[in-house]
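Next comes coords-v7.cif, a file with mmCIF, N, CA and C atoms.
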data_my_file
loop_
_atom_site.label_atom_id
_atom_site.label_comp_id
_atom_site.auth_asym_id
_atom_site.auth_seq_id
_atom_site.Cartn_x
_atom_site.Cartn_y
_atom_site.Cartn_z
N MET A 1 17.66 -14.66 -8.51
CA MET A 1 16.45 -13.86 -8.50
C MET A 1 15.55 -14.24 -9.66
N GLU A 2 14.28 -14.24 -9.41
CA GLU A 2 13.30 -14.58 -10.44
C GLU A 2 13.16 -13.46 -11.46
N GLU A 3 13.18 -13.84 -12.72
CA GLU A 3 13.00 -12.86 -13.79
C GLU A 3 11.52 -12.72 -14.10
N HIS A 4 11.09 -11.50 -14.37
CA HIS A 4 9.69 -11.22 -14.67
C HIS A 4 9.55 -10.75 -16.11
N PHE A 5 8.43 -11.13 -16.73
CA PHE A 5 8.06 -10.66 -18.05
C PHE A 5 6.93 -9.65 -17.82
N VAL A 6 7.16 -8.41 -18.20
CA VAL A 6 6.26 -7.32 -17.81
C VAL A 6 5.83 -6.50 -19.02
N TRP A 7 4.51 -6.25 -19.11
CA TRP A 7 3.96 -5.37 -20.13
C TRP A 7 3.49 -4.11 -19.42
N VAL A 8 3.91 -2.94 -19.89
CA VAL A 8 3.54 -1.66 -19.28
C VAL A 8 2.85 -0.81 -20.34
N THR A 9 1.69 -0.30 -19.99
CA THR A 9 0.96 0.58 -20.90
C THR A 9 0.55 1.83 -20.13
N THR A 10 0.86 2.99 -20.68
CA THR A 10 0.44 4.26 -20.08
C THR A 10 -0.47 4.96 -21.06
N ARG A 11 -1.64 5.34 -20.56
CA ARG A 11 -2.62 6.03 -21.40
C ARG A 11 -3.01 7.35 -20.78
N ARG A 12 -3.07 8.37 -21.62
CA ARG A 12 -3.65 9.65 -21.21
C ARG A 12 -5.08 9.62 -21.74
N ILE A 13 -6.04 9.92 -20.85
CA ILE A 13 -7.45 9.86 -21.24
C ILE A 13 -8.09 11.24 -21.18
N ARG A 14 -9.24 11.34 -21.81
CA ARG A 14 -9.99 12.60 -21.84
C ARG A 14 -10.43 12.97 -20.42
N PRO A 15 -10.38 14.25 -20.08
CA PRO A 15 -10.81 14.69 -18.74
C PRO A 15 -12.24 14.24 -18.44
N GLY A 16 -12.45 13.79 -17.22
CA GLY A 16 -13.78 13.42 -16.76
C GLY A 16 -14.27 12.07 -17.23
N THR A 17 -13.40 11.24 -17.83
CA THR A 17 -13.85 9.95 -18.36
C THR A 17 -13.30 8.74 -17.60
N LEU A 18 -12.67 8.96 -16.45
CA LEU A 18 -12.01 7.87 -15.74
C LEU A 18 -12.97 6.71 -15.43
N GLY A 19 -14.17 7.00 -14.93
CA GLY A 19 -15.12 5.93 -14.60
C GLY A 19 -15.50 5.10 -15.81
N ASP A 20 -15.80 5.76 -16.91
CA ASP A 20 -16.15 5.04 -18.14
C ASP A 20 -14.95 4.27 -18.69
N PHE A 21 -13.77 4.89 -18.62
CA PHE A 21 -12.57 4.22 -19.09
C PHE A 21 -12.32 2.95 -18.27
N GLU A 22 -12.46 3.03 -16.96
CA GLU A 22 -12.23 1.86 -16.10
C GLU A 22 -13.12 0.69 -16.48
N LYS A 23 -14.37 0.97 -16.79
CA LYS A 23 -15.30 -0.10 -17.17
C LYS A 23 -14.84 -0.78 -18.45
N ALA A 24 -14.39 0.00 -19.41
CA ALA A 24 -13.93 -0.55 -20.69
C ALA A 24 -12.56 -1.21 -20.56
N TRP A 25 -11.76 -0.76 -19.62
CA TRP A 25 -10.38 -1.22 -19.47
C TRP A 25 -10.28 -2.63 -18.90
N ARG A 26 -11.17 -3.00 -18.02
CA ARG A 26 -11.09 -4.32 -17.38
C ARG A 26 -11.41 -5.43 -18.39
N PRO A 27 -10.52 -6.43 -18.52
CA PRO A 27 -10.81 -7.51 -19.47
C PRO A 27 -12.00 -8.35 -18.99
N ALA A 28 -12.78 -8.87 -19.93
CA ALA A 28 -13.95 -9.69 -19.60
C ALA A 28 -13.53 -11.05 -19.06
N THR A 29 -12.36 -11.54 -19.49
CA THR A 29 -11.83 -12.81 -19.02
C THR A 29 -10.40 -12.62 -18.56
N HIS A 30 -9.94 -13.54 -17.72
CA HIS A 30 -8.55 -13.48 -17.26
C HIS A 30 -7.65 -13.96 -18.39
N PRO A 31 -6.72 -13.13 -18.83
CA PRO A 31 -5.84 -13.55 -19.93
C PRO A 31 -4.97 -14.74 -19.53
N PRO A 32 -4.93 -15.79 -20.34
CA PRO A 32 -4.06 -16.93 -20.06
C PRO A 32 -2.60 -16.49 -19.97
N GLY A 33 -1.90 -16.96 -18.96
CA GLY A 33 -0.49 -16.63 -18.80
C GLY A 33 -0.22 -15.36 -18.03
N MET A 34 -1.27 -14.60 -17.70
CA MET A 34 -1.07 -13.39 -16.90
C MET A 34 -1.03 -13.80 -15.42
N ARG A 35 0.03 -13.41 -14.75
CA ARG A 35 0.19 -13.75 -13.34
C ARG A 35 -0.43 -12.71 -12.40
N ARG A 36 -0.28 -11.45 -12.80
CA ARG A 36 -0.68 -10.36 -11.91
C ARG A 36 -0.82 -9.09 -12.73
N ALA A 37 -1.70 -8.20 -12.29
CA ALA A 37 -1.84 -6.92 -12.97
C ALA A 37 -2.05 -5.82 -11.93
N LEU A 38 -1.46 -4.68 -12.19
CA LEU A 38 -1.57 -3.52 -11.31
C LEU A 38 -1.93 -2.31 -12.17
N ALA A 39 -2.62 -1.35 -11.57
CA ALA A 39 -2.95 -0.11 -12.28
C ALA A 39 -2.67 1.06 -11.36
N TYR A 40 -2.17 2.13 -11.95
CA TYR A 40 -1.84 3.34 -11.21
C TYR A 40 -2.44 4.53 -11.94
N TRP A 41 -3.08 5.43 -11.19
CA TRP A 41 -3.72 6.63 -11.75
C TRP A 41 -3.01 7.87 -11.27
N SER A 42 -2.89 8.84 -12.16
CA SER A 42 -2.33 10.13 -11.77
C SER A 42 -3.35 10.84 -10.87
N GLU A 43 -2.89 11.79 -10.13
CA GLU A 43 -3.74 12.52 -9.20
C GLU A 43 -4.93 13.18 -9.89
N ASP A 44 -4.72 13.65 -11.12
CA ASP A 44 -5.81 14.31 -11.85
C ASP A 44 -6.72 13.32 -12.58
N GLY A 45 -6.42 12.01 -12.52
CA GLY A 45 -7.26 11.00 -13.14
C GLY A 45 -7.20 10.98 -14.66
N GLN A 46 -6.18 11.59 -15.23
CA GLN A 46 -6.10 11.66 -16.69
C GLN A 46 -4.98 10.80 -17.28
N GLU A 47 -4.22 10.14 -16.42
CA GLU A 47 -3.18 9.24 -16.91
C GLU A 47 -3.24 7.96 -16.10
N ILE A 48 -3.25 6.82 -16.80
CA ILE A 48 -3.33 5.52 -16.17
C ILE A 48 -2.19 4.67 -16.69
N THR A 49 -1.45 4.05 -15.77
CA THR A 49 -0.39 3.13 -16.14
C THR A 49 -0.79 1.75 -15.65
N GLY A 50 -0.85 0.79 -16.58
CA GLY A 50 -1.12 -0.60 -16.26
C GLY A 50 0.16 -1.40 -16.36
N VAL A 51 0.38 -2.26 -15.38
CA VAL A 51 1.57 -3.11 -15.34
C VAL A 51 1.08 -4.54 -15.17
N SER A 52 1.41 -5.41 -16.13
CA SER A 52 1.00 -6.80 -16.01
C SER A 52 2.22 -7.71 -16.08
N PHE A 53 2.17 -8.78 -15.29
CA PHE A 53 3.26 -9.75 -15.20
C PHE A 53 2.80 -11.04 -15.88
N TRP A 54 3.66 -11.62 -16.70
CA TRP A 54 3.30 -12.74 -17.56
C TRP A 54 4.23 -13.93 -17.35
N ASP A 55 3.74 -15.14 -17.71
CA ASP A 55 4.56 -16.35 -17.66
C ASP A 55 5.71 -16.27 -18.67
N SER A 56 5.45 -15.61 -19.81
CA SER A 56 6.44 -15.53 -20.89
C SER A 56 6.07 -14.40 -21.84
N LYS A 57 7.00 -14.02 -22.68
CA LYS A 57 6.71 -13.02 -23.71
C LYS A 57 5.67 -13.58 -24.68
N GLU A 58 5.76 -14.87 -24.98
CA GLU A 58 4.82 -15.50 -25.90
C GLU A 58 3.39 -15.44 -25.37
N ALA A 59 3.20 -15.66 -24.06
CA ALA A 59 1.86 -15.57 -23.47
C ALA A 59 1.31 -14.16 -23.60
N CYS A 60 2.15 -13.18 -23.35
CA CYS A 60 1.74 -11.78 -23.48
C CYS A 60 1.41 -11.45 -24.94
N ASP A 61 2.27 -11.85 -25.86
CA ASP A 61 2.04 -11.59 -27.27
C ASP A 61 0.75 -12.25 -27.76
N SER A 62 0.48 -13.46 -27.27
CA SER A 62 -0.73 -14.18 -27.66
C SER A 62 -1.97 -13.40 -27.22
N TRP A 63 -1.94 -12.87 -26.00
CA TRP A 63 -3.08 -12.07 -25.52
C TRP A 63 -3.19 -10.78 -26.33
N ARG A 64 -2.07 -10.12 -26.56
CA ARG A 64 -2.09 -8.82 -27.24
C ARG A 64 -2.68 -8.92 -28.64
N THR A 65 -2.57 -10.08 -29.29
CA THR A 65 -3.10 -10.26 -30.64
C THR A 65 -4.44 -10.99 -30.66
N SER A 66 -5.03 -11.22 -29.48
CA SER A 66 -6.29 -11.97 -29.41
C SER A 66 -7.51 -11.10 -29.70
N GLU A 67 -8.61 -11.73 -30.07
CA GLU A 67 -9.86 -11.02 -30.33
C GLU A 67 -10.40 -10.35 -29.06
N PRO A 68 -10.39 -11.02 -27.89
CA PRO A 68 -10.87 -10.33 -26.68
C PRO A 68 -10.08 -9.05 -26.37
N GLU A 69 -8.77 -9.06 -26.63
CA GLU A 69 -7.97 -7.85 -26.39
C GLU A 69 -8.32 -6.78 -27.41
N ALA A 70 -8.56 -7.18 -28.66
CA ALA A 70 -8.96 -6.20 -29.69
C ALA A 70 -10.29 -5.55 -29.31
N GLN A 71 -11.22 -6.32 -28.79
CA GLN A 71 -12.51 -5.78 -28.36
C GLN A 71 -12.34 -4.83 -27.17
N ARG A 72 -11.47 -5.22 -26.24
CA ARG A 72 -11.21 -4.37 -25.07
C ARG A 72 -10.61 -3.04 -25.51
N ARG A 73 -9.65 -3.08 -26.42
CA ARG A 73 -9.03 -1.85 -26.91
C ARG A 73 -10.02 -0.97 -27.66
N ALA A 74 -10.91 -1.59 -28.41
CA ALA A 74 -11.94 -0.82 -29.12
C ALA A 74 -12.86 -0.13 -28.12
N GLY A 75 -13.17 -0.80 -27.00
CA GLY A 75 -14.01 -0.19 -25.97
C GLY A 75 -13.34 0.99 -25.28
N MET A 76 -12.02 0.95 -25.16
CA MET A 76 -11.28 2.03 -24.52
C MET A 76 -11.04 3.22 -25.45
N ALA A 77 -10.99 2.96 -26.73
CA ALA A 77 -10.58 3.95 -27.73
C ALA A 77 -11.26 5.31 -27.60
N PRO A 78 -12.57 5.39 -27.33
CA PRO A 78 -13.20 6.72 -27.26
C PRO A 78 -12.65 7.61 -26.13
N TYR A 79 -12.00 7.01 -25.14
CA TYR A 79 -11.53 7.77 -23.97
C TYR A 79 -10.04 8.09 -24.04
N VAL A 80 -9.30 7.41 -24.92
CA VAL A 80 -7.84 7.52 -24.96
C VAL A 80 -7.40 8.64 -25.90
N VAL A 81 -6.53 9.50 -25.35
CA VAL A 81 -5.93 10.59 -26.12
C VAL A 81 -4.56 10.18 -26.65
N GLU A 82 -3.82 9.45 -25.81
CA GLU A 82 -2.45 9.04 -26.16
C GLU A 82 -2.15 7.74 -25.45
N GLU A 83 -1.33 6.89 -26.09
CA GLU A 83 -0.97 5.60 -25.49
C GLU A 83 0.49 5.28 -25.78
N ARG A 84 1.18 4.80 -24.75
CA ARG A 84 2.56 4.32 -24.88
C ARG A 84 2.61 2.94 -24.24
N GLU A 85 3.33 2.00 -24.85
CA GLU A 85 3.40 0.67 -24.28
C GLU A 85 4.73 0.01 -24.62
N GLY A 86 5.09 -0.97 -23.81
CA GLY A 86 6.33 -1.69 -24.05
C GLY A 86 6.42 -2.93 -23.21
N PHE A 87 7.23 -3.87 -23.67
CA PHE A 87 7.45 -5.13 -22.97
C PHE A 87 8.85 -5.10 -22.37
N TYR A 88 8.96 -5.56 -21.13
CA TYR A 88 10.23 -5.48 -20.41
C TYR A 88 10.55 -6.79 -19.70
N LEU A 89 11.83 -7.03 -19.48
CA LEU A 89 12.29 -8.09 -18.60
C LEU A 89 12.82 -7.40 -17.36
N GLY A 90 12.58 -8.00 -16.20
CA GLY A 90 13.06 -7.37 -14.97
C GLY A 90 13.04 -8.32 -13.81
N ARG A 91 13.46 -7.80 -12.67
CA ARG A 91 13.44 -8.58 -11.42
C ARG A 91 13.23 -7.63 -10.26
N GLU A 92 12.75 -8.18 -9.19
CA GLU A 92 12.50 -7.38 -7.99
C GLU A 92 13.83 -6.95 -7.39
N LEU A 93 13.89 -5.70 -6.94
CA LEU A 93 15.11 -5.20 -6.31
C LEU A 93 15.06 -5.48 -4.81
N ALA A 94 16.15 -5.92 -4.28
CA ALA A 94 16.24 -6.16 -2.84
C ALA A 94 16.60 -4.84 -2.16
N ILE A 95 15.86 -4.53 -1.11
CA ILE A 95 16.15 -3.33 -0.33
C ILE A 95 17.05 -3.75 0.82
N PRO A 96 18.23 -3.16 0.92
CA PRO A 96 19.16 -3.55 1.99
C PRO A 96 18.54 -3.35 3.37
N SER A 97 18.77 -4.28 4.25
CA SER A 97 18.23 -4.13 5.62
C SER A 97 18.91 -2.94 6.29
N GLY A 98 18.13 -2.28 7.14
CA GLY A 98 18.63 -1.12 7.83
C GLY A 98 18.50 0.17 7.05
N SER A 99 17.90 0.08 5.85
CA SER A 99 17.70 1.29 5.04
C SER A 99 16.57 2.11 5.62
N PRO A 100 16.69 3.43 5.61
CA PRO A 100 15.60 4.28 6.09
C PRO A 100 14.39 4.17 5.19
N GLY A 101 13.23 4.40 5.76
CA GLY A 101 12.04 4.47 4.94
C GLY A 101 11.14 3.35 5.12
#
Could you write out this structure as structure tokens?
Amino acid sequence: MEEHFVWVTTRRIRPGTLGDFEKAWRPATHPPGMRRALAYWSEDGQEITGVSFWDSKEACDSWRTSEPEAQRRAGMAPYVVEEREGFYLGRELAIPSGSPG
């Protein structure tokens, strides 16, 4: 099974700021080494979890310490109340055939 390098960030944002936060959240350029990115919003629009898949931990670390990422984070800062983040290794789980759902 293929191993994935994954960065997960969950942010709680100020009520009513989802649209403005989304504009600030999107990077201006595609980060080198990023394979894929997903975002999930809570029903109330006050919590956003971003999941990004990377070629390596080094590629992720390089982006996290870059000037474009610092600028992006500064743009998001007025909307963010709380932030949690972490880097993970993982792999896709196989769902057994014949499983309900």
With the file shown as input, list the residues that the PyMOL selection byres (((chain A and resi 51 and name CA) around 9) and name CA) selects, as JSON, numbers by chain.
{"A": [6, 7, 8, 9, 10, 36, 37, 38, 39, 40, 49, 50, 52, 53]}
For the residues in the current selection, export N, CA and C atoms as an mmCIF file, in the frame of the given file.
data_model
loop_
_atom_site.group_PDB
_atom_site.id
_atom_site.type_symbol
_atom_site.label_atom_id
_atom_site.label_comp_id
_atom_site.auth_asym_id
_atom_site.auth_seq_id
_atom_site.Cartn_x
_atom_site.Cartn_y
_atom_site.Cartn_z
ATOM 1 N N VAL A 6 7.160 -8.410 -18.200
ATOM 2 C CA VAL A 6 6.260 -7.320 -17.810
ATOM 3 C C VAL A 6 5.830 -6.500 -19.020
ATOM 4 N N TRP A 7 4.510 -6.250 -19.110
ATOM 5 C CA TRP A 7 3.960 -5.370 -20.130
ATOM 6 C C TRP A 7 3.490 -4.110 -19.420
ATOM 7 N N VAL A 8 3.910 -2.940 -19.890
ATOM 8 C CA VAL A 8 3.540 -1.660 -19.280
ATOM 9 C C VAL A 8 2.850 -0.810 -20.340
ATOM 10 N N THR A 9 1.690 -0.300 -19.990
ATOM 11 C CA THR A 9 0.960 0.580 -20.900
ATOM 12 C C THR A 9 0.550 1.830 -20.130
ATOM 13 N N THR A 10 0.860 2.990 -20.680
ATOM 14 C CA THR A 10 0.440 4.260 -20.080
ATOM 15 C C THR A 10 -0.470 4.960 -21.060
ATOM 16 N N ARG A 36 -0.280 -11.450 -12.800
ATOM 17 C CA ARG A 36 -0.680 -10.360 -11.910
ATOM 18 C C ARG A 36 -0.820 -9.090 -12.730
ATOM 19 N N ALA A 37 -1.700 -8.200 -12.290
ATOM 20 C CA ALA A 37 -1.840 -6.920 -12.970
ATOM 21 C C ALA A 37 -2.050 -5.820 -11.930
ATOM 22 N N LEU A 38 -1.460 -4.680 -12.190
ATOM 23 C CA LEU A 38 -1.570 -3.520 -11.310
ATOM 24 C C LEU A 38 -1.930 -2.310 -12.170
ATOM 25 N N ALA A 39 -2.620 -1.350 -11.570
ATOM 26 C CA ALA A 39 -2.950 -0.110 -12.280
ATOM 27 C C ALA A 39 -2.670 1.060 -11.360
ATOM 28 N N TYR A 40 -2.170 2.130 -11.950
ATOM 29 C CA TYR A 40 -1.840 3.340 -11.210
ATOM 30 C C TYR A 40 -2.440 4.530 -11.940
ATOM 31 N N THR A 49 -1.450 4.050 -15.770
ATOM 32 C CA THR A 49 -0.390 3.130 -16.140
ATOM 33 C C THR A 49 -0.790 1.750 -15.650
ATOM 34 N N GLY A 50 -0.850 0.790 -16.580
ATOM 35 C CA GLY A 50 -1.120 -0.600 -16.260
ATOM 36 C C GLY A 50 0.160 -1.400 -16.360
ATOM 37 N N SER A 52 1.410 -5.410 -16.130
ATOM 38 C CA SER A 52 1.000 -6.800 -16.010
ATOM 39 C C SER A 52 2.220 -7.710 -16.080
ATOM 40 N N PHE A 53 2.170 -8.780 -15.290
ATOM 41 C CA PHE A 53 3.260 -9.750 -15.200
ATOM 42 C C PHE A 53 2.800 -11.040 -15.880
#
With distances taken over only C-alpha atoms, which residue among A:Gly90, A:Trp25, A:Val80, A:Pro32 lies nearest A:Glu58?
A:Pro32
Which residues, written as a ChimeraX atom specification, have at least one atom at most 8 Å from A:Gly16, with only C-alpha atoms counted and residues fewer than 2 positions away on the same chain left out?
/A:14,18-19,45-46
One-decimal distance in Å that lies between atom CA of A:Gly33 and atom CA of A:Ser66:
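Separating atom CA of A:Ser66 from atom CA of A:Gly33 is a distance of 13.0 Å.
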Out of A:Pro27, A:Pro15, A:Gly86, A:Pro96, which residue has the shortest atom-to-atom distance to A:Lys57 when counting only C-alpha atoms?
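The shortest atom-to-atom distance to A:Lys57 comes from A:Gly86.
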Record the distance separating atom C of A:Asp20 and atom N of A:Gln71, expressed in Å with one decimal.
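Between atom C of A:Asp20 and atom N of A:Gln71 the gap is 15.1 Å.
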Taking the backbone alone, and naming residues the way the document does, which bits of chain A are strand (DSSP E) by DSSP, as an MDAnalysis selection string?
chainID A and resid 4:13 34:41 47:54 80:90
Measuring between only N, CA and C atoms, which one of A:Met34, A:Trp41, A:Arg11, A:Arg73 shows the shortest distance to A:Glu85?
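With only N, CA and C atoms as the atom set, the closest residue is A:Arg11.
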Translate the PyMOL selection byres (((chain A and resi 75 and name CA) around 10) and name CA) into a concrete residue list for this structure, as a list in words.
Asp20, Phe21, Lys23, Ala24, Trp25, Arg26, Glu69, Ala70, Gln71, Arg72, Arg73, Ala74, Met76, Ala77, Pro78, Tyr79 and Val80 of chain A
Residue by residue, what does the PyMOL selection byres (((chain A and resi 55 and name CA) around 7) and name CA) grab here? Present the result as a PyMOL selection string.
chain A and resi 5+33-35+54+56+59
Give the helix (DSSP H, G or I) residues of chain A, as DSSP finds them on the backbone, and put them as a PDB file with N, CA and C atoms, in the frame of the given file.
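Dumped everything to out_4.pdb:
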ATOM      1  N   LEU A  18     -12.670   8.960 -16.450  1.00  0.00           N
ATOM      2  CA  LEU A  18     -12.010   7.870 -15.740  1.00  0.00           C
ATOM      3  C   LEU A  18     -12.970   6.710 -15.430  1.00  0.00           C
ATOM      4  N   GLY A  19     -14.170   7.000 -14.930  1.00  0.00           N
ATOM      5  CA  GLY A  19     -15.120   5.930 -14.600  1.00  0.00           C
ATOM      6  C   GLY A  19     -15.500   5.100 -15.810  1.00  0.00           C
ATOM      7  N   ASP A  20     -15.800   5.760 -16.910  1.00  0.00           N
ATOM      8  CA  ASP A  20     -16.150   5.040 -18.140  1.00  0.00           C
ATOM      9  C   ASP A  20     -14.950   4.270 -18.690  1.00  0.00           C
ATOM     10  N   PHE A  21     -13.770   4.890 -18.620  1.00  0.00           N
ATOM     11  CA  PHE A  21     -12.570   4.220 -19.090  1.00  0.00           C
ATOM     12  C   PHE A  21     -12.320   2.950 -18.270  1.00  0.00           C
ATOM     13  N   GLU A  22     -12.460   3.030 -16.960  1.00  0.00           N
ATOM     14  CA  GLU A  22     -12.230   1.860 -16.100  1.00  0.00           C
ATOM     15  C   GLU A  22     -13.120   0.690 -16.480  1.00  0.00           C
ATOM     16  N   LYS A  23     -14.370   0.970 -16.790  1.00  0.00           N
ATOM     17  CA  LYS A  23     -15.300  -0.100 -17.170  1.00  0.00           C
ATOM     18  C   LYS A  23     -14.840  -0.780 -18.450  1.00  0.00           C
ATOM     19  N   ALA A  24     -14.390   0.000 -19.410  1.00  0.00           N
ATOM     20  CA  ALA A  24     -13.930  -0.550 -20.690  1.00  0.00           C
ATOM     21  C   ALA A  24     -12.560  -1.210 -20.560  1.00  0.00           C
ATOM     22  N   TRP A  25     -11.760  -0.760 -19.620  1.00  0.00           N
ATOM     23  CA  TRP A  25     -10.380  -1.220 -19.470  1.00  0.00           C
ATOM     24  C   TRP A  25     -10.280  -2.630 -18.900  1.00  0.00           C
ATOM     25  N   LYS A  57       7.000 -14.020 -22.680  1.00  0.00           N
ATOM     26  CA  LYS A  57       6.710 -13.020 -23.710  1.00  0.00           C
ATOM     27  C   LYS A  57       5.670 -13.580 -24.680  1.00  0.00           C
ATOM     28  N   GLU A  58       5.760 -14.870 -24.980  1.00  0.00           N
ATOM     29  CA  GLU A  58       4.820 -15.500 -25.900  1.00  0.00           C
ATOM     30  C   GLU A  58       3.390 -15.440 -25.370  1.00  0.00           C
ATOM     31  N   ALA A  59       3.200 -15.660 -24.060  1.00  0.00           N
ATOM     32  CA  ALA A  59       1.860 -15.570 -23.470  1.00  0.00           C
ATOM     33  C   ALA A  59       1.310 -14.160 -23.600  1.00  0.00           C
ATOM     34  N   CYS A  60       2.150 -13.180 -23.350  1.00  0.00           N
ATOM     35  CA  CYS A  60       1.740 -11.780 -23.480  1.00  0.00           C
ATOM     36  C   CYS A  60       1.410 -11.450 -24.940  1.00  0.00           C
ATOM     37  N   ASP A  61       2.270 -11.850 -25.860  1.00  0.00           N
ATOM     38  CA  ASP A  61       2.040 -11.590 -27.270  1.00  0.00           C
ATOM     39  C   ASP A  61       0.750 -12.250 -27.760  1.00  0.00           C
ATOM     40  N   SER A  62       0.480 -13.460 -27.270  1.00  0.00           N
ATOM     41  CA  SER A  62      -0.730 -14.180 -27.660  1.00  0.00           C
ATOM     42  C   SER A  62      -1.970 -13.400 -27.220  1.00  0.00           C
ATOM     43  N   TRP A  63      -1.940 -12.870 -26.000  1.00  0.00           N
ATOM     44  CA  TRP A  63      -3.080 -12.070 -25.520  1.00  0.00           C
ATOM     45  C   TRP A  63      -3.190 -10.780 -26.330  1.00  0.00           C
ATOM     46  N   ARG A  64      -2.070 -10.120 -26.560  1.00  0.00           N
ATOM     47  CA  ARG A  64      -2.090  -8.820 -27.240  1.00  0.00           C
ATOM     48  C   ARG A  64      -2.680  -8.920 -28.640  1.00  0.00           C
ATOM     49  N   GLU A  67      -8.610 -11.730 -30.070  1.00  0.00           N
ATOM     50  CA  GLU A  67      -9.860 -11.020 -30.330  1.00  0.00           C
ATOM     51  C   GLU A  67     -10.400 -10.350 -29.060  1.00  0.00           C
ATOM     52  N   PRO A  68     -10.390 -11.020 -27.890  1.00  0.00           N
ATOM     53  CA  PRO A  68     -10.870 -10.330 -26.680  1.00  0.00           C
ATOM     54  C   PRO A  68     -10.080  -9.050 -26.370  1.00  0.00           C
ATOM     55  N   GLU A  69      -8.770  -9.060 -26.630  1.00  0.00           N
ATOM     56  CA  GLU A  69      -7.970  -7.850 -26.390  1.00  0.00           C
ATOM     57  C   GLU A  69      -8.320  -6.780 -27.410  1.00  0.00           C
ATOM     58  N   ALA A  70      -8.560  -7.180 -28.660  1.00  0.00           N
ATOM     59  CA  ALA A  70      -8.960  -6.200 -29.690  1.00  0.00           C
ATOM     60  C   ALA A  70     -10.290  -5.550 -29.310  1.00  0.00           C
ATOM     61  N   GLN A  71     -11.220  -6.320 -28.790  1.00  0.00           N
ATOM     62  CA  GLN A  71     -12.510  -5.780 -28.360  1.00  0.00           C
ATOM     63  C   GLN A  71     -12.340  -4.830 -27.170  1.00  0.00           C
ATOM     64  N   ARG A  72     -11.470  -5.220 -26.240  1.00  0.00           N
ATOM     65  CA  ARG A  72     -11.210  -4.370 -25.070  1.00  0.00           C
ATOM     66  C   ARG A  72     -10.610  -3.040 -25.510  1.00  0.00           C
ATOM     67  N   ARG A  73      -9.650  -3.080 -26.420  1.00  0.00           N
ATOM     68  CA  ARG A  73      -9.030  -1.850 -26.910  1.00  0.00           C
ATOM     69  C   ARG A  73     -10.020  -0.970 -27.660  1.00  0.00           C
ATOM     70  N   ALA A  74     -10.910  -1.590 -28.410  1.00  0.00           N
ATOM     71  CA  ALA A  74     -11.940  -0.820 -29.120  1.00  0.00           C
ATOM     72  C   ALA A  74     -12.860  -0.130 -28.120  1.00  0.00           C
ATOM     73  N   GLY A  75     -13.170  -0.800 -27.000  1.00  0.00           N
ATOM     74  CA  GLY A  75     -14.010  -0.190 -25.970  1.00  0.00           C
ATOM     75  C   GLY A  75     -13.340   0.990 -25.280  1.00  0.00           C
ATOM     76  N   MET A  76     -12.020   0.950 -25.160  1.00  0.00           N
ATOM     77  CA  MET A  76     -11.280   2.030 -24.520  1.00  0.00           C
ATOM     78  C   MET A  76     -11.040   3.220 -25.450  1.00  0.00           C
ATOM     79  N   ALA A  77     -10.990   2.960 -26.730  1.00  0.00           N
ATOM     80  CA  ALA A  77     -10.580   3.950 -27.730  1.00  0.00           C
ATOM     81  C   ALA A  77     -11.260   5.310 -27.600  1.00  0.00           C
ATOM     82  N   PRO A  78     -12.570   5.390 -27.330  1.00  0.00           N
ATOM     83  CA  PRO A  78     -13.200   6.720 -27.260  1.00  0.00           C
ATOM     84  C   PRO A  78     -12.650   7.610 -26.130  1.00  0.00           C
ATOM     85  N   TYR A  79     -12.000   7.010 -25.140  1.00  0.00           N
ATOM     86  CA  TYR A  79     -11.530   7.770 -23.970  1.00  0.00           C
ATOM     87  C   TYR A  79     -10.040   8.090 -24.040  1.00  0.00           C
TER      88      TYR A  79
END
List as number ranges by chain: which residues have an atom within 6 Å of (12.8, -10.3, -5.4), counting only N, CA and C atoms?
A: 1-2, 91-94
Here atom N of A:Cys60 and atom CA of A:Glu3 stand apart by 14.5 Å
